[in-house]
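Here is start15.cif, consisting of mmCIF, C-alpha atoms (C1' of nucleotides):
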```
data_protein
loop_
_atom_site.label_atom_id
_atom_site.label_comp_id
_atom_site.auth_asym_id
_atom_site.auth_seq_id
_atom_site.Cartn_x
_atom_site.Cartn_y
_atom_site.Cartn_z
CA MET S 1 11.79 -6.06 5.02
CA GLY S 2 9.47 -3.55 3.35
CA MET S 3 9.57 -1.82 0.03
CA LEU S 4 11.49 1.28 1.01
CA LYS S 5 14.46 -0.65 2.35
CA MET S 6 14.60 -2.69 -0.83
CA ALA S 7 14.28 0.39 -3.03
CA ILE S 8 17.23 1.92 -1.19
CA LEU S 9 19.33 -1.21 -1.56
CA GLY S 10 18.29 -1.51 -5.19
CA PHE S 11 19.55 1.99 -5.94
CA LEU S 12 22.75 1.53 -3.97
CA ARG S 13 23.54 -1.64 -5.91
CA ASP S 14 24.18 0.58 -8.93
CA PHE S 15 26.36 3.21 -7.23
CA PRO S 16 26.77 4.92 -3.82
CA LEU S 17 24.30 7.66 -3.00
CA HIS S 18 23.55 9.94 -0.06
CA GLY S 19 20.20 10.16 1.70
CA TYR S 20 19.00 13.34 0.06
CA ASP S 21 19.61 11.93 -3.38
CA LEU S 22 17.86 8.68 -2.50
CA LYS S 23 14.85 10.64 -1.32
CA ASN S 24 14.13 12.09 -4.73
CA ARG S 25 14.93 8.90 -6.61
CA VAL S 26 12.57 6.84 -4.49
CA ALA S 27 9.84 9.45 -4.84
CA ALA S 28 10.12 9.43 -8.64
CA LEU S 29 10.27 5.65 -8.63
CA ALA S 30 6.91 5.57 -6.98
CA GLY S 31 5.47 8.01 -9.49
CA HIS S 32 4.94 10.79 -7.00
CA VAL S 33 5.92 14.39 -7.10
CA ARG S 34 5.94 14.65 -3.32
CA PRO S 35 9.17 13.16 -2.02
CA ILE S 36 9.31 10.50 0.63
CA ALA S 37 9.15 11.89 4.18
CA ASP S 38 12.43 12.64 5.95
CA GLY S 39 11.02 10.96 9.00
CA THR S 40 10.73 7.77 6.99
CA LEU S 41 13.93 7.86 5.01
CA TYR S 42 16.60 8.64 7.57
CA PRO S 43 15.48 6.18 10.26
CA THR S 44 15.23 3.52 7.56
CA ILE S 45 18.80 4.20 6.44
CA LYS S 46 19.87 3.94 10.07
CA LYS S 47 18.16 0.57 10.46
CA LEU S 48 19.79 -0.71 7.29
CA GLU S 49 23.15 0.41 8.64
CA GLU S 50 22.55 -1.32 11.97
CA ALA S 51 21.58 -4.46 10.09
CA GLY S 52 24.91 -4.33 8.26
CA CYS S 53 23.30 -3.75 4.87
CA LEU S 54 25.18 -0.55 4.15
CA THR S 55 28.12 1.55 5.32
CA ARG S 56 28.42 5.32 5.41
CA ARG S 57 31.29 7.70 4.76
CA THR S 58 30.86 11.36 5.60
CA ALA S 59 31.79 13.49 2.60
CA PRO S 60 31.77 17.26 2.16
CA GLY S 61 28.45 18.49 0.79
CA SER S 62 28.56 19.66 -2.80
CA VAL S 63 26.41 22.62 -1.96
CA ALA S 64 25.74 22.87 1.75
CA ALA S 65 25.76 20.50 4.72
CA PRO S 66 28.03 17.44 4.60
CA ARG S 67 26.65 14.25 3.09
CA HIS S 68 26.71 10.68 4.25
CA MET S 69 27.62 8.66 1.22
CA LEU S 70 26.01 5.24 1.49
CA GLU S 71 27.48 2.06 0.06
CA ILE S 72 25.80 -1.32 -0.09
CA THR S 73 27.55 -4.27 1.60
CA GLN S 74 27.58 -7.93 0.67
CA GLU S 75 24.93 -8.48 3.35
CA GLY S 76 22.80 -5.77 1.75
CA THR S 77 23.14 -7.35 -1.67
CA ASP S 78 22.15 -10.72 -0.22
CA GLN S 79 19.11 -9.23 1.49
CA LEU S 80 18.04 -7.53 -1.75
CA ARG S 81 18.35 -10.73 -3.76
CA ARG S 82 16.51 -12.67 -1.06
CA TRP S 83 13.66 -10.16 -1.18
CA LEU S 84 13.49 -10.17 -4.99
CA ARG S 85 13.24 -13.94 -4.93
CA ASN S 86 10.71 -13.98 -2.11
CA PRO S 87 9.11 -10.59 -1.59
CA GLU S 88 6.98 -9.65 1.38
CA PRO S 89 3.33 -10.48 0.88
CA VAL S 90 1.39 -7.56 -0.52
CA PHE S 91 -0.91 -6.33 2.19
CA ILE S 92 -4.61 -6.27 1.56
CA THR S 93 -4.71 -2.50 1.61
CA ASP S 94 -1.79 -2.06 -0.78
CA ASP S 95 -2.48 -1.84 -4.49
CA ASN S 96 -6.18 -1.46 -3.81
CA LYS S 97 -6.89 1.89 -2.20
CA TRP S 98 -8.31 3.39 -5.36
CA TYR S 99 -10.43 0.42 -6.29
CA VAL S 100 -11.98 0.41 -2.84
CA LEU S 101 -12.75 4.07 -3.23
CA LEU S 102 -14.30 3.51 -6.65
CA ALA S 103 -16.30 0.54 -5.39
CA PHE S 104 -18.04 2.76 -2.84
CA LEU S 105 -18.20 5.92 -4.91
CA HIS S 106 -21.96 5.56 -5.41
CA HIS S 107 -22.44 6.48 -1.74
CA LEU S 108 -21.58 9.98 -2.92
CA ASP S 109 -24.96 10.43 -4.59
CA ASN S 110 -24.13 13.67 -6.38
CA PRO S 111 -22.72 12.91 -9.86
CA ARG S 112 -20.73 16.13 -9.85
CA GLU S 113 -18.90 15.04 -6.72
CA GLN S 114 -18.27 11.60 -8.21
CA SER S 115 -16.84 13.21 -11.30
CA ILE S 116 -14.40 15.26 -9.21
CA VAL S 117 -13.13 12.12 -7.51
CA LEU S 118 -12.61 10.38 -10.84
CA ALA S 119 -10.73 13.40 -12.14
CA ARG S 120 -8.35 13.08 -9.19
CA ARG S 121 -7.76 9.43 -10.00
CA ARG S 122 -7.07 10.46 -13.59
CA GLU S 123 -4.53 13.02 -12.47
CA TYR S 124 -2.77 10.45 -10.32
CA LEU S 125 -2.55 7.98 -13.20
CA ASP S 126 -1.22 10.71 -15.45
CA GLN S 127 1.85 11.25 -13.27
CA PRO S 128 4.65 9.50 -15.12
CA THR S 129 6.46 6.79 -13.19
CA GLN S 130 10.17 7.21 -13.76
CA LEU S 131 11.77 3.91 -12.90
CA PHE S 132 15.33 4.45 -14.11
CA TYR S 133 17.94 7.15 -13.51
CA ASP S 134 21.57 7.62 -14.35
CA GLU S 135 24.35 8.42 -11.90
CA GLN S 136 23.79 12.16 -12.18
CA GLY S 137 20.15 11.73 -11.26
CA ARG S 138 18.90 12.45 -14.77
CA PRO S 139 15.86 10.37 -15.76
CA VAL S 140 16.59 7.86 -18.49
CA PRO S 141 13.78 7.95 -21.07
CA PRO S 142 12.34 4.54 -22.08
CA GLU S 143 13.83 4.61 -25.57
CA GLN S 144 17.35 5.07 -24.20
CA LEU S 145 17.17 2.18 -21.75
CA ASP S 146 19.73 -0.55 -22.22
CA SER S 147 17.67 -3.64 -21.50
CA PRO S 148 14.54 -4.66 -23.45
CA PHE S 149 13.04 -5.74 -20.15
CA ARG S 150 13.29 -2.26 -18.65
CA LYS S 151 11.98 -0.75 -21.84
CA GLY S 152 9.00 -3.07 -21.82
CA LEU S 153 8.36 -2.47 -18.13
CA MET S 154 8.03 1.27 -18.61
CA GLN S 155 5.88 0.82 -21.69
CA ILE S 156 3.45 -1.57 -20.01
CA HIS S 157 3.25 0.64 -16.96
CA ARG S 158 2.30 3.56 -19.17
CA SER S 159 -0.14 1.62 -21.31
CA VAL S 160 -1.91 0.19 -18.29
CA ASN S 161 -2.42 3.72 -17.01
CA LEU S 162 -3.58 5.05 -20.39
CA ASN S 163 -6.10 2.24 -20.57
CA GLU S 164 -7.67 3.29 -17.31
CA ILE S 165 -7.42 7.00 -18.13
CA ASP S 166 -9.43 6.28 -21.25
CA TRP S 167 -12.19 4.68 -19.26
CA LEU S 168 -12.15 7.46 -16.68
CA ASP S 169 -12.58 10.09 -19.38
CA GLY S 170 -15.73 8.34 -20.54
CA GLN S 171 -17.12 8.07 -17.03
CA ILE S 172 -16.33 11.67 -16.20
CA ALA S 173 -18.07 12.89 -19.35
CA GLU S 174 -21.13 10.79 -18.53
CA LEU S 175 -21.27 12.01 -14.92
CA ASP S 176 -20.88 15.64 -15.96
CA ARG S 177 -23.63 15.24 -18.51
CA ARG S 178 -25.88 13.84 -15.80
CA ALA S 179 -24.87 16.56 -13.35
CA GLY S 180 -25.66 19.22 -15.93
CA TYR S 181 -29.03 17.61 -16.57
CA THR S 182 -30.06 17.34 -12.93
CA VAL S 183 -28.86 20.84 -12.10
CA ALA S 184 -30.85 22.24 -15.01
CA HIS S 185 -34.05 20.27 -14.50
CA GLY S 186 -34.13 18.82 -10.99
CA ALA S 187 -34.86 21.31 -8.22
CA ALA S 188 -33.92 18.74 -5.56
CA GLU S 189 -30.35 18.57 -6.82
CA ARG S 190 -29.70 22.25 -6.63
CA SER S 191 -27.43 23.04 -3.71
CA MET K 1 -8.69 7.29 8.30
CA GLY K 2 -7.22 4.46 6.26
CA MET K 3 -8.67 2.19 3.66
CA LEU K 4 -9.89 -0.60 5.92
CA LYS K 5 -12.08 1.68 7.98
CA MET K 6 -13.62 3.09 4.85
CA ALA K 7 -14.14 -0.34 3.32
CA ILE K 8 -15.99 -1.40 6.49
CA LEU K 9 -18.17 1.71 6.45
CA GLY K 10 -18.76 1.29 2.72
CA PHE K 11 -20.07 -2.23 3.23
CA LEU K 12 -22.18 -1.28 6.25
CA ARG K 13 -23.82 1.50 4.26
CA ASP K 14 -25.57 -1.20 2.26
CA PHE K 15 -26.75 -3.37 5.16
CA PRO K 16 -25.62 -4.41 8.68
CA LEU K 17 -22.94 -7.07 8.87
CA HIS K 18 -20.95 -8.78 11.58
CA GLY K 19 -17.16 -8.83 11.80
CA TYR K 20 -16.63 -12.30 10.46
CA ASP K 21 -18.66 -11.53 7.37
CA LEU K 22 -16.84 -8.26 6.81
CA LYS K 23 -13.54 -10.08 6.97
CA ASN K 24 -14.23 -12.16 3.88
CA ARG K 25 -15.88 -9.34 1.98
CA VAL K 26 -12.93 -7.02 2.49
CA ALA K 27 -10.50 -9.77 1.51
CA ALA K 28 -12.36 -10.42 -1.75
CA LEU K 29 -12.65 -6.70 -2.38
CA ALA K 30 -8.91 -6.45 -2.34
CA GLY K 31 -8.56 -9.36 -4.75
CA HIS K 32 -7.00 -11.66 -2.22
CA VAL K 33 -7.85 -15.16 -1.20
CA ARG K 34 -6.21 -14.74 2.19
CA PRO K 35 -8.64 -12.96 4.49
CA ILE K 36 -7.75 -9.85 6.39
CA ALA K 37 -6.03 -10.55 9.73
CA ASP K 38 -8.24 -10.82 12.82
CA GLY K 39 -5.72 -8.67 14.62
CA THR K 40 -6.43 -5.92 12.11
CA LEU K 41 -10.16 -6.22 11.69
CA TYR K 42 -11.49 -6.40 15.24
CA PRO K 43 -9.44 -3.55 16.71
CA THR K 44 -10.44 -1.44 13.70
CA ILE K 45 -14.11 -2.16 14.33
CA LYS K 46 -13.59 -1.21 17.96
CA LYS K 47 -12.00 2.10 16.97
CA LEU K 48 -14.85 2.87 14.60
CA GLU K 49 -17.30 2.15 17.41
CA GLU K 50 -15.42 4.43 19.81
CA ALA K 51 -15.45 7.14 17.13
CA GLY K 52 -19.24 6.82 16.93
CA CYS K 53 -19.16 5.57 13.35
CA LEU K 54 -21.05 2.35 14.07
CA THR K 55 -23.16 0.64 16.74
CA ARG K 56 -23.26 -3.03 17.64
CA ARG K 57 -26.08 -5.35 18.68
CA THR K 58 -25.22 -8.84 19.88
CA ALA K 59 -27.27 -11.41 17.99
CA PRO K 60 -27.32 -15.20 18.30
CA GLY K 61 -24.80 -16.80 15.94
CA SER K 62 -26.25 -18.64 12.98
CA VAL K 63 -23.86 -21.51 13.50
CA ALA K 64 -21.74 -21.08 16.58
CA ALA K 65 -20.64 -18.15 18.74
CA PRO K 66 -22.88 -15.09 18.99
CA ARG K 67 -22.34 -12.32 16.48
CA HIS K 68 -21.99 -8.61 16.89
CA MET K 69 -24.14 -7.12 14.18
CA LEU K 70 -22.69 -3.78 13.12
CA GLU K 71 -24.75 -0.86 11.88
CA ILE K 72 -23.41 2.37 10.43
CA THR K 73 -24.40 5.63 12.13
CA GLN K 74 -24.97 9.06 10.64
CA GLU K 75 -21.47 9.99 11.82
CA GLY K 76 -20.10 6.94 10.01
CA THR K 77 -21.91 7.87 6.82
CA ASP K 78 -20.55 11.40 7.06
CA GLN K 79 -17.01 10.13 7.57
CA LEU K 80 -17.33 7.82 4.57
CA ARG K 81 -18.60 10.61 2.33
CA ARG K 82 -15.86 12.92 3.57
CA TRP K 83 -13.24 10.32 2.74
CA LEU K 84 -14.69 9.63 -0.71
CA ARG K 85 -14.60 13.31 -1.47
CA ASN K 86 -11.13 13.79 -0.06
CA PRO K 87 -9.29 10.49 0.36
CA GLU K 88 -6.07 10.03 2.25
CA PRO K 89 -3.03 10.59 0.07
CA VAL K 90 -1.71 7.36 -1.36
CA PHE K 91 1.57 6.62 0.35
CA ILE K 92 4.68 6.24 -1.71
CA THR K 93 4.98 2.57 -0.93
CA ASP K 94 1.35 1.80 -1.71
CA ASP K 95 0.42 0.93 -5.26
CA ASN K 96 4.07 0.49 -6.17
CA LYS K 97 5.50 -2.57 -4.44
CA TRP K 98 5.49 -4.64 -7.59
CA TYR K 99 6.89 -1.95 -9.83
CA VAL K 100 9.76 -1.40 -7.44
CA LEU K 101 10.43 -5.11 -7.45
CA LEU K 102 10.37 -5.22 -11.23
CA ALA K 103 12.59 -2.16 -11.50
CA PHE K 104 15.33 -3.95 -9.55
CA LEU K 105 14.72 -7.44 -10.87
CA HIS K 106 17.89 -7.33 -12.98
CA HIS K 107 19.92 -7.60 -9.76
CA LEU K 108 18.78 -11.20 -9.80
CA ASP K 109 21.13 -12.13 -12.63
CA ASN K 110 19.75 -15.58 -13.25
CA PRO K 111 16.98 -15.41 -15.90
CA ARG K 112 15.28 -18.49 -14.46
CA GLU K 113 14.90 -16.76 -11.09
CA GLN K 114 13.60 -13.63 -12.79
CA SER K 115 11.05 -15.72 -14.64
CA ILE K 116 9.80 -17.24 -11.39
CA VAL K 117 9.25 -13.79 -9.92
CA LEU K 118 7.31 -12.65 -12.98
CA ALA K 119 5.17 -15.78 -12.79
CA ARG K 120 4.23 -14.82 -9.24
CA ARG K 121 3.23 -11.35 -10.39
CA ARG K 122 1.14 -12.99 -13.09
CA GLU K 123 -0.61 -15.21 -10.57
CA TYR K 124 -1.39 -12.21 -8.40
CA LEU K 125 -2.90 -10.29 -11.32
CA ASP K 126 -4.93 -13.33 -12.28
CA GLN K 127 -6.77 -13.37 -8.96
CA PRO K 128 -10.15 -11.87 -9.74
CA THR K 129 -11.08 -8.80 -7.76
CA GLN K 130 -14.69 -9.15 -6.66
CA LEU K 131 -15.90 -5.68 -5.87
CA PHE K 132 -19.62 -6.30 -5.37
CA TYR K 133 -21.60 -8.74 -3.24
CA ASP K 134 -25.25 -9.21 -2.38
CA GLU K 135 -26.69 -9.42 1.12
CA GLN K 136 -26.12 -13.16 1.34
CA GLY K 137 -22.45 -12.70 0.54
CA ARG K 138 -22.75 -14.12 -2.97
CA PRO K 139 -20.54 -12.39 -5.51
CA VAL K 140 -22.46 -10.41 -8.11
CA PRO K 141 -20.97 -11.11 -11.56
CA PRO K 142 -20.23 -8.02 -13.70
CA GLU K 143 -23.03 -8.71 -16.18
CA GLN K 144 -25.64 -8.74 -13.40
CA LEU K 145 -24.59 -5.47 -11.85
CA ASP K 146 -27.24 -2.79 -11.71
CA SER K 147 -25.20 0.33 -12.48
CA PRO K 148 -23.21 0.85 -15.70
CA PHE K 149 -20.52 2.48 -13.58
CA ARG K 150 -19.98 -0.65 -11.50
CA LYS K 151 -20.06 -2.78 -14.61
CA GLY K 152 -17.44 -0.59 -16.25
CA LEU K 153 -15.30 -0.52 -13.14
CA MET K 154 -15.04 -4.29 -13.01
CA GLN K 155 -14.38 -4.49 -16.73
CA ILE K 156 -11.61 -1.93 -16.69
CA HIS K 157 -10.05 -3.54 -13.65
CA ARG K 158 -9.98 -6.86 -15.45
CA SER K 159 -8.74 -5.46 -18.74
CA VAL K 160 -5.94 -3.55 -17.04
CA ASN K 161 -4.80 -6.79 -15.46
CA LEU K 162 -5.09 -8.76 -18.69
CA ASN K 163 -2.99 -6.14 -20.43
CA GLU K 164 -0.16 -6.65 -17.98
CA ILE K 165 -0.57 -10.43 -17.92
CA ASP K 166 -0.10 -10.39 -21.67
CA TRP K 167 3.19 -8.55 -21.35
CA LEU K 168 4.32 -10.82 -18.53
CA ASP K 169 3.68 -13.92 -20.63
CA GLY K 170 5.97 -12.54 -23.31
CA GLN K 171 8.71 -11.70 -20.81
CA ILE K 172 8.46 -15.07 -19.08
CA ALA K 173 8.74 -16.90 -22.39
CA GLU K 174 11.81 -14.85 -23.33
CA LEU K 175 13.49 -15.41 -19.95
CA ASP K 176 12.79 -19.14 -20.03
CA ARG K 177 14.20 -19.35 -23.54
CA ARG K 178 17.33 -17.61 -22.35
CA ALA K 179 17.53 -19.80 -19.21
CA GLY K 180 17.17 -22.94 -21.33
CA TYR K 181 19.96 -21.71 -23.58
CA THR K 182 22.41 -20.97 -20.78
CA VAL K 183 21.58 -24.19 -18.95
CA ALA K 184 22.15 -26.22 -22.10
CA HIS K 185 25.35 -24.53 -23.22
CA GLY K 186 26.87 -22.71 -20.25
CA ALA K 187 28.45 -24.93 -17.60
CA ALA K 188 28.65 -22.03 -15.13
CA GLU K 189 24.87 -21.63 -15.09
CA ARG K 190 24.09 -25.20 -14.15
CA SER K 191 22.46 -25.50 -10.69
"C1'" DG A 1 -17.25 -39.42 22.98
"C1'" DT A 2 -13.15 -37.42 21.38
"C1'" DT A 3 -11.15 -34.86 17.87
"C1'" DC A 4 -11.40 -31.69 13.87
"C1'" DT A 5 -13.14 -27.93 11.41
"C1'" DT A 6 -15.70 -23.77 11.06
"C1'" DT A 7 -17.59 -19.91 13.10
"C1'" DA A 8 -16.74 -15.85 15.95
"C1'" DC A 9 -14.19 -12.69 18.74
"C1'" DC A 10 -10.10 -10.63 21.23
"C1'" DT A 11 -5.14 -8.98 22.93
"C1'" DC A 12 -0.37 -8.04 22.32
"C1'" DG A 13 4.07 -6.88 20.23
"C1'" DA A 14 6.27 -5.52 16.09
"C1'" DA A 15 7.04 -3.27 11.51
"C1'" DT A 16 6.28 0.39 8.30
"C1'" DC A 17 5.45 4.91 7.27
"C1'" DC A 18 3.75 9.62 8.01
"C1'" DG A 19 3.70 14.59 9.69
"C1'" DA A 20 5.56 17.97 12.74
"C1'" DT A 21 9.53 19.78 14.36
"C1'" DA A 22 14.44 20.90 14.86
"C1'" DT A 23 19.17 21.85 13.30
"C1'" DA A 24 22.88 23.68 10.29
"C1'" DT A 25 25.01 25.50 6.04
"C1'" DA A 26 25.47 27.53 1.45
"C1'" DT A 27 23.69 30.35 -2.14
"C1'" DC A 28 20.65 33.50 -4.23
"C1'" DT A 29 17.59 37.89 -3.84
"C1'" DG A 30 16.66 42.42 -2.67
"C1'" DC H 1 23.54 42.23 5.16
"C1'" DA H 2 18.88 40.37 6.06
"C1'" DG H 3 15.82 36.97 4.53
"C1'" DA H 4 14.37 33.28 1.58
"C1'" DT H 5 15.39 28.96 -0.56
"C1'" DA H 6 17.75 24.58 -1.29
"C1'" DT H 7 20.70 21.24 0.71
"C1'" DA H 8 21.26 17.76 4.28
"C1'" DT H 9 20.26 15.17 8.45
"C1'" DA H 10 17.76 13.83 12.64
"C1'" DT H 11 14.04 12.82 16.48
"C1'" DC H 12 9.42 12.03 18.14
"C1'" DG H 13 4.59 10.69 18.41
"C1'" DG H 14 1.00 8.59 15.97
"C1'" DA H 15 -1.65 5.68 12.49
"C1'" DT H 16 -2.19 1.45 10.08
"C1'" DT H 17 -1.53 -3.20 9.60
"C1'" DC H 18 0.43 -7.69 10.42
"C1'" DG H 19 1.42 -12.22 12.82
"C1'" DA H 20 1.21 -15.12 16.80
"C1'" DG H 21 -1.47 -16.47 20.18
"C1'" DG H 22 -5.77 -17.23 23.06
"C1'" DT H 23 -11.00 -18.10 24.02
"C1'" DA H 24 -15.34 -20.29 23.06
"C1'" DA H 25 -19.12 -22.90 20.98
"C1'" DA H 26 -21.54 -25.60 17.40
"C1'" DG H 27 -21.55 -29.41 14.21
"C1'" DA H 28 -19.30 -33.14 11.57
"C1'" DA H 29 -16.11 -37.17 11.27
"C1'" DC H 30 -14.37 -41.21 13.12
#
```
Starting from the file, lay out its structure as structure tokens.
Amino acid sequence: MGMLKMAILGFLRDFPLHGYDLKNRVAALAGHVRPIADGTLYPTIKKLEEAGCLTRRTAPGSVAAPRHMLEITQEGTDQLRRWLRNPEPVFITDDNKWYVLLAFLHHLDNPREQSIVLARRREYLDQPTQLFYDEQGRPVPPEQLDSPFRKGLMQIHRSVNLNEIDWLDGQIAELDRRAGYTVAHGAAERS
Amino acid sequence: MGMLKMAILGFLRDFPLHGYDLKNRVAALAGHVRPIADGTLYPTIKKLEEAGCLTRRTAPGSVAAPRHMLEITQEGTDQLRRWLRNPEPVFITDDNKWYVLLAFLHHLDNPREQSIVLARRREYLDQPTQLFYDEQGRPVPPEQLDSPFRKGLMQIHRSVNLNEIDWLDGQIAELDRRAGYTVAHGAAERS
DNA sequence: GTTCTTTACCTCGAATCCGATATATATCTG
DNA sequence: CAGATATATATCGGATTCGAGGTAAAGAAC
């Protein structure tokens, strides 16, 4: 079915939510500041509804426009469990964009440019991934999580990132040193 | 432009290759045994050709059907460099499929089922990602790599995976212990 | 010599997701 | 009260990628 559909069903299993709320939760789940695109979310909700995975009840908006409160159905729960047991294969391009970029980074001959790219990777890794939220939409910090599994999941996610950030810092320092050297002494490198 | 296009251009920057060869290199690059789909690769090559990023020369096949040897153009090199400097934003669903799955794993109440899912994640992480190849298509082991950057990249990639594998092993053991307990003592849990 | 596997390429339909664009309302700012 | 901002939903075209299926030719297995 695709990750977004399952993320939606996963959230709705806990309690009903409306689209706008889901948008921000999914975005945070994926460790991004930028929220998921409207043009992705709302058609996906519609498809899930057509597939009988959720029902909607129009409720007055708390602040502005009316909301469509979404509730998961038995079919939706079944689909979620089926996916958890047997997830879609991870596509070749998923999970690997950054490593592909790093593998070919040497084609950017200028060490200063390479360093800038690594700094961007570092920034990305430094964005905290917030996997768990309460009903009010407040992030639940790792130490307050109920299950040891969830606690461990957030810790490992963070430590994996810190591990790579560490390495990046070393590489960036080395590249900047080299860039400084070549700019100072090599006429050919000067822009 | 998308990762696959850039991976193709990245490989072609080193030396000309034909589609079939690219297929296996890209697959290994992404840490997958399953090669990239023909229906993805060949249309992508065609698009790159139409965009002036590569040229093709038909050469006799070494074994069977004739090959289309692909060579990168100046335009292709420019596009690659442009992408390295300013890569496409990573989509919300990229890089996060597994974490989303793990975040909702508790909806699979049965610890034995949870353990099976974690074991699959472990297997995926255990697949070595081979980022660098020589002209003959032979993988270059980390210790034989020329640049310290490439060496470090492969080491960090491996160590990041080992870090998570370690955690997974602990979780799997705990879940199996719990599953064994409930199977032995709880009638409701049996098959 | 027929079949099987490997090499090598291609087309088509479908799924997922994005960005641009549009709509409407409530609240806050000046 | 005019305009900006946040809430809330929706459509449309496009990019990327997959899977199923088809073509063809060389060499190995039986």
Notebook entry, point to check: chain S residues within 8 Å of chain A, counting only C-alpha atoms (C1' of nucleotides): which ones, as a list of chain:residue names?
Noted result: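 Using only C-alpha atoms (C1' of nucleotides), chain S residues at most 8 Å from chain A: S:Gly2, S:Ala37, S:Gly39, S:Thr40, S:Val63, S:Ala64, S:Ala65.
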Note to self: Give me, as a PyMOL selection string, the residues of chain H touching chain S, with the criterion being at most 12 Å (counting all atoms listed in the file).
What the structure shows: chain H and resi 6-13+16-18
Next item on the list: Just the residues within 7 Å of Asp176 in chain S, please, counting all atoms listed in the file, with nothing from its chain fewer than 2 positions along; format it as a VMD selection string.
Entry: chain S and resid 111 to 112 115 172 to 174 178 to 180
Notebook entry, point to check: Mind listing as a PyMOL selection string which residues of chain K are within 8 Å of chain S, counting only C-alpha atoms?
Noted result: chain K and resi 3-4+7+10+13+27+29-30+32+36+81+84-86+90+92-97+100-105+107-108+113-114+117+131-132+149-150+153+156+160+163-164+167+171
Limited to C-alpha atoms, could you put the picked residues into a file as a tab-separated table (two decimals), keeping the file's coordinate frame?
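This is the output file selection.tsv:
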```
chain	number	residue	atom	x	y	z
K	3	MET	CA	-8.67	2.19	3.66
K	4	LEU	CA	-9.89	-0.60	5.92
K	7	ALA	CA	-14.14	-0.34	3.32
K	10	GLY	CA	-18.76	1.29	2.72
K	13	ARG	CA	-23.82	1.50	4.26
K	27	ALA	CA	-10.50	-9.77	1.51
K	29	LEU	CA	-12.65	-6.70	-2.38
K	30	ALA	CA	-8.91	-6.45	-2.34
K	32	HIS	CA	-7.00	-11.66	-2.22
K	36	ILE	CA	-7.75	-9.85	6.39
K	81	ARG	CA	-18.60	10.61	2.33
K	84	LEU	CA	-14.69	9.63	-0.71
K	85	ARG	CA	-14.60	13.31	-1.47
K	86	ASN	CA	-11.13	13.79	-0.06
K	90	VAL	CA	-1.71	7.36	-1.36
K	92	ILE	CA	4.68	6.24	-1.71
K	93	THR	CA	4.98	2.57	-0.93
K	94	ASP	CA	1.35	1.80	-1.71
K	95	ASP	CA	0.42	0.93	-5.26
K	96	ASN	CA	4.07	0.49	-6.17
K	97	LYS	CA	5.50	-2.57	-4.44
K	100	VAL	CA	9.76	-1.40	-7.44
K	101	LEU	CA	10.43	-5.11	-7.45
K	102	LEU	CA	10.37	-5.22	-11.23
K	103	ALA	CA	12.59	-2.16	-11.50
K	104	PHE	CA	15.33	-3.95	-9.55
K	105	LEU	CA	14.72	-7.44	-10.87
K	107	HIS	CA	19.92	-7.60	-9.76
K	108	LEU	CA	18.78	-11.20	-9.80
K	113	GLU	CA	14.90	-16.76	-11.09
K	114	GLN	CA	13.60	-13.63	-12.79
K	117	VAL	CA	9.25	-13.79	-9.92
K	131	LEU	CA	-15.90	-5.68	-5.87
K	132	PHE	CA	-19.62	-6.30	-5.37
K	149	PHE	CA	-20.52	2.48	-13.58
K	150	ARG	CA	-19.98	-0.65	-11.50
K	153	LEU	CA	-15.30	-0.52	-13.14
K	156	ILE	CA	-11.61	-1.93	-16.69
K	160	VAL	CA	-5.94	-3.55	-17.04
K	163	ASN	CA	-2.99	-6.14	-20.43
K	164	GLU	CA	-0.16	-6.65	-17.98
K	167	TRP	CA	3.19	-8.55	-21.35
K	171	GLN	CA	8.71	-11.70	-20.81
```
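Nearest-residue note for Leu22 in chain S: choosing from S:Glu50, S:Arg122, S:Leu70, S:Gly76, the minimum distance belongs to S:Leu70, counting all atoms listed in the file.
Here CA of Gly170 in chain K is placed at a distance of 13.3 Å from CA of Arg121 in chain K.
We find CA of Ile72 in chain S and CA of Phe15 in chain S to be spaced 8.5 Å apart.
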Checklist line | Separation of CA of Lys5 in chain S from CA of Ala59 in chain S in Å | finding: 22.4 Å
